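J.: Take this structure first; my questions come after.
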Amino acid sequence: MKKEEKESISILKIICISIILILISGIGVMAVNTQLSDVKIILQNGYEMTALTSKTKVSEILEENNIILEENQKTIPDLNDEIAAGDSIKITDKSFQEVQIAKISEEGVETSLNQLLENYAPITEKIIVEQVPIAYETITKNATGATEGVSNKVLQEGQDGLKEVTYKVKYQNEVEIEKTLLSEVVIKEPVNKIVQVQKKVTARSSTARTATTYSGGKWSYSASEFDLLCAITAQECSSSYQGSLAVITAACNRADARGTDPLTEYKRKGQFCYSIDSHWKKRLNGNYSGNVSKAVSDALNGARNHNYRSFRAGGTHAGVNIGGNVYF
């Protein structure tokens with residue numbers, strides 16, 4: 001081989017080696033400028049994998065490793081969060097509340113996580129002991145030889161009794177959702193009021209009255225009639241004082257409009273439980289709570305908690321809900 005040819009081959013070798021060195025240097029520079037991090041990815045089934053990545057955003061790291069989340073899955077941290085070297089990405093199920101929020105949002109209903117969490121707040125129970133007055137009854141006696149213009153005479157003043165009532169009350173979000181009567185203990189028996197009737201007050205209409213007397217917007221019944229009023233009221237609603245008062249108020253409002261009395265309205269055919277079934281009979285002879293007897297007594301003495309005359313069992317009907325019944 002000639003000397004010139006040998007020199008040409010040597011020059012080519014030098015050029016090739018130089019190019020290789022330049023490429024290696026470029027790769028080295030790129031490696032220095034790109035920071036690679038170890039990130040642990042924990043799949044929902046518990047499998048762990050380590051990914052070497054230059055990304056810092058969770059969604060980009062998953063995309064880089066061809067991991068696609070299902071509709072009911074989420075990541076911890078969130079997809080839009082940034083993580084550092086050594087951190088972990090955990091894939092898990094969305095919580096029930098988050099799934100509900102997603103469904104509601106799709107339907108165009110505005111809500112918040114706090115509102116949903118309120119529906120799943122824990123229920124707590126408390127034992128509540130209350131002292132409840134027992135309303136006295138008013139008993140009337142017809143006087144002999146009564147004359148016109150002579151007023152009624154009170155032979156004995158009435159006094160409320162007192163009883164200790166124990167309830168189990170359930171709360172959710174500090175709101176009472178259920179109240180169960182556990183026991184009742186009478187501490188003091190009531191003293192009945194006894195009135196001597198000199199002249200019976202004339203009824204406001206020709207409709208026959210059941211009430212013994214009516215005067216000054218107040219009705220007075222015999223003990224047996226008062227017990228019947230309470231039994232019917234309790235059958236319609238005995239969940240609370242306000243619920244019982246709402247029932248007897250409806251009867252009083254009807255009586256005011258028709259010139260009758262509450263017991264007459266209770267007995268009208270097809271209106272209250274008295275003529276519909278006989279379940280109210282099991283509540284006679286005082287088989288009802290003190291809330292019921294107090295509500296009836298207060299209503300007969302003028303107390304009211306609404307202006308309606310009709311009601312039906314609570315449900316989808318429109319109206320004002322008091323004690324589980326809707327008034328309209």
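Ligands are numbered from 1 in the order shown, chains are lettered A, B, ... in the order of the structure tokens, and residues start at 1 in each chain.
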Fewer than 3 positions away in the same chain doesn't count, so skip those; otherwise give me all residues within 6 Å of region 158-170 of chain A, counting only C-alpha atoms, as a VMD selection string.
T.: chain A and resid 124 to 136 176 to 193
J.: So that I have them on file, write out the residues from the current selection with N, CA and C atoms, as a compact mmCIF listing (two decimals), in the first residue's frame.
T.:
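Saved result, again39.txt, follows:
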```txt
# COMPACT_ATOMS: atom_id res chain seq x y z
N THR A 124 -76.15 10.07 67.52
CA THR A 124 -75.86 9.92 68.95
C THR A 124 -77.16 9.79 69.73
N GLU A 125 -77.07 9.15 70.90
CA GLU A 125 -78.24 8.95 71.74
C GLU A 125 -78.00 9.56 73.12
N LYS A 126 -79.07 10.12 73.70
CA LYS A 126 -79.00 10.66 75.05
C LYS A 126 -80.26 10.24 75.80
N ILE A 127 -80.11 10.04 77.09
CA ILE A 127 -81.25 9.80 77.97
C ILE A 127 -81.64 11.12 78.61
N ILE A 128 -82.85 11.58 78.35
CA ILE A 128 -83.33 12.86 78.84
C ILE A 128 -84.43 12.63 79.88
N VAL A 129 -84.29 13.26 81.02
CA VAL A 129 -85.30 13.17 82.08
C VAL A 129 -85.94 14.54 82.24
N GLU A 130 -87.27 14.61 82.11
CA GLU A 130 -87.98 15.88 82.20
C GLU A 130 -89.09 15.77 83.24
N GLN A 131 -89.38 16.88 83.86
CA GLN A 131 -90.54 16.96 84.75
C GLN A 131 -91.65 17.67 83.98
N VAL A 132 -92.75 16.96 83.79
CA VAL A 132 -93.85 17.43 82.95
C VAL A 132 -95.09 17.64 83.81
N PRO A 133 -95.75 18.78 83.68
CA PRO A 133 -96.99 19.00 84.45
C PRO A 133 -98.11 18.10 83.95
N ILE A 134 -98.95 17.67 84.88
CA ILE A 134 -100.15 16.91 84.54
C ILE A 134 -101.33 17.84 84.70
N ALA A 135 -101.97 18.14 83.59
CA ALA A 135 -103.06 19.11 83.63
C ALA A 135 -104.23 18.59 84.47
N TYR A 136 -104.75 19.44 85.29
CA TYR A 136 -105.93 19.05 86.08
C TYR A 136 -107.17 19.10 85.21
N GLU A 176 -82.54 16.86 66.81
CA GLU A 176 -83.31 15.73 67.29
C GLU A 176 -84.05 15.07 66.12
N ILE A 177 -83.83 13.75 65.93
CA ILE A 177 -84.49 13.03 64.84
C ILE A 177 -85.44 11.96 65.35
N GLU A 178 -85.33 11.58 66.62
CA GLU A 178 -86.23 10.56 67.17
C GLU A 178 -86.28 10.69 68.69
N LYS A 179 -87.47 10.54 69.25
CA LYS A 179 -87.65 10.64 70.69
C LYS A 179 -88.56 9.50 71.15
N THR A 180 -88.04 8.63 72.01
CA THR A 180 -88.79 7.45 72.45
C THR A 180 -89.05 7.54 73.95
N LEU A 181 -90.31 7.38 74.34
CA LEU A 181 -90.68 7.40 75.75
C LEU A 181 -90.25 6.10 76.41
N LEU A 182 -89.48 6.21 77.50
CA LEU A 182 -89.02 5.04 78.24
C LEU A 182 -89.86 4.77 79.49
N SER A 183 -90.18 5.82 80.24
CA SER A 183 -90.95 5.61 81.47
C SER A 183 -91.59 6.92 81.93
N GLU A 184 -92.63 6.78 82.75
CA GLU A 184 -93.31 7.92 83.38
C GLU A 184 -93.54 7.59 84.85
N VAL A 185 -93.19 8.50 85.72
CA VAL A 185 -93.40 8.32 87.16
C VAL A 185 -94.12 9.55 87.70
N VAL A 186 -95.31 9.34 88.27
CA VAL A 186 -96.09 10.45 88.81
C VAL A 186 -95.49 10.88 90.15
N ILE A 187 -95.12 12.14 90.24
CA ILE A 187 -94.57 12.70 91.48
C ILE A 187 -95.68 13.32 92.32
N LYS A 188 -96.60 13.98 91.65
CA LYS A 188 -97.70 14.64 92.35
C LYS A 188 -98.97 14.51 91.51
N GLU A 189 -100.02 13.99 92.12
CA GLU A 189 -101.28 13.83 91.42
C GLU A 189 -101.96 15.20 91.26
N PRO A 190 -102.63 15.41 90.12
CA PRO A 190 -103.34 16.69 89.93
C PRO A 190 -104.59 16.76 90.80
N VAL A 191 -105.00 17.97 91.12
CA VAL A 191 -106.24 18.21 91.88
C VAL A 191 -107.26 18.81 90.92
N ASN A 192 -108.39 18.13 90.76
CA ASN A 192 -109.38 18.59 89.80
C ASN A 192 -110.07 19.87 90.27
N LYS A 193 -110.43 20.70 89.32
CA LYS A 193 -111.20 21.90 89.59
C LYS A 193 -112.69 21.52 89.55
```
J.: So that I can check the surroundings of Val247 (chain A), please list as a list in words every protein, DNA and RNA residue that reaches within 8 Å of it, counting only C-alpha atoms and ignoring chain neighbours fewer than 6 positions away.
T.: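 Contacts, in chain order: Thr233, Glu236 and Cys237 of chain A.
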J.: If we count only C-alpha atoms and set the cut-off at 8 Å, which residues sit around region 54-63 of chain A, ignoring sequence neighbours fewer than 6 positions away in its own chain? Please answer as a JSON list (two decimals) with N, CA and C atoms, in the first residue's frame.
T.:
```json
[["chain", "number", "residue", "atom", "x", "y", "z"],
["A", 34, "THR", "N", -31.01, 16.99, 32.47],
["A", 34, "THR", "CA", -32.31, 16.38, 32.78],
["A", 34, "THR", "C", -32.21, 15.62, 34.10],
["A", 35, "GLN", "N", -33.01, 16.06, 35.09],
["A", 35, "GLN", "CA", -33.00, 15.42, 36.41],
["A", 35, "GLN", "C", -34.02, 14.28, 36.43],
["A", 36, "LEU", "N", -33.58, 13.08, 36.66],
["A", 36, "LEU", "CA", -34.45, 11.91, 36.74],
["A", 36, "LEU", "C", -34.72, 11.57, 38.20],
["A", 37, "SER", "N", -35.98, 11.21, 38.50],
["A", 37, "SER", "CA", -36.38, 10.91, 39.88],
["A", 37, "SER", "C", -37.03, 9.54, 39.95],
["A", 77, "PRO", "N", -51.40, 11.74, 45.82],
["A", 77, "PRO", "CA", -52.06, 13.04, 45.73],
["A", 77, "PRO", "C", -52.94, 13.16, 44.49],
["A", 78, "ASP", "N", -53.61, 14.32, 44.33],
["A", 78, "ASP", "CA", -54.52, 14.55, 43.22],
["A", 78, "ASP", "C", -53.75, 14.59, 41.90],
["A", 79, "LEU", "N", -54.47, 14.33, 40.81],
["A", 79, "LEU", "CA", -53.85, 14.28, 39.48],
["A", 79, "LEU", "C", -53.09, 15.55, 39.13],
["A", 80, "ASN", "N", -53.56, 16.69, 39.60],
["A", 80, "ASN", "CA", -52.94, 17.97, 39.24],
["A", 80, "ASN", "C", -51.83, 18.38, 40.20],
["A", 81, "ASP", "N", -51.58, 17.57, 41.23],
["A", 81, "ASP", "CA", -50.53, 17.91, 42.21],
["A", 81, "ASP", "C", -49.13, 17.59, 41.65],
["A", 82, "GLU", "N", -48.15, 18.31, 42.20],
["A", 82, "GLU", "CA", -46.74, 18.07, 41.87],
["A", 82, "GLU", "C", -46.11, 17.23, 42.98],
["A", 83, "ILE", "N", -45.21, 16.31, 42.61],
["A", 83, "ILE", "CA", -44.53, 15.49, 43.60],
["A", 83, "ILE", "C", -43.03, 15.57, 43.39],
["A", 84, "ALA", "N", -42.30, 15.15, 44.40],
["A", 84, "ALA", "CA", -40.84, 15.21, 44.34],
["A", 84, "ALA", "C", -40.27, 13.79, 44.34],
["A", 89, "ILE", "N", -47.29, 7.64, 44.52],
["A", 89, "ILE", "CA", -48.62, 7.89, 43.94],
["A", 89, "ILE", "C", -49.46, 6.65, 44.22]]
```
J.: Which is closer to Leu300 (chain A) than all the others in A:Gly270, A:Gly217, A:Gly46, A:Gly286, using only C-alpha atoms?
T.: A:Gly217
J.: Find the residues near region 303-305 of chain A: any atom within 12 Å, counting only C-alpha atoms, skip ones fewer than 5 places away on the same chain, and give them as a list of chain:residue names.
T.: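 The residues satisfying every condition are A:Gly217, A:Lys218, A:Trp219, A:Tyr241, A:Gln242, A:Gly243, A:Ser244, A:Leu245, A:Ala246, A:Val247, A:Ile248, A:Thr249, A:Ala250, A:Ala251, A:Cys252, A:Asn253, A:Lys294, A:Ala295, A:Val296, A:Ser297, A:Asp298, A:Val320, A:Asn321, A:Ile322, A:Gly323, A:Tyr327.
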J.: Work out how far apart CA of Leu263 (chain A) and CA of Glu225 (chain A) are and give it in Å to one decimal.
T.: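 Straight-line distance from CA of Leu263 (chain A) to CA of Glu225 (chain A) works out to 7.9 Å.
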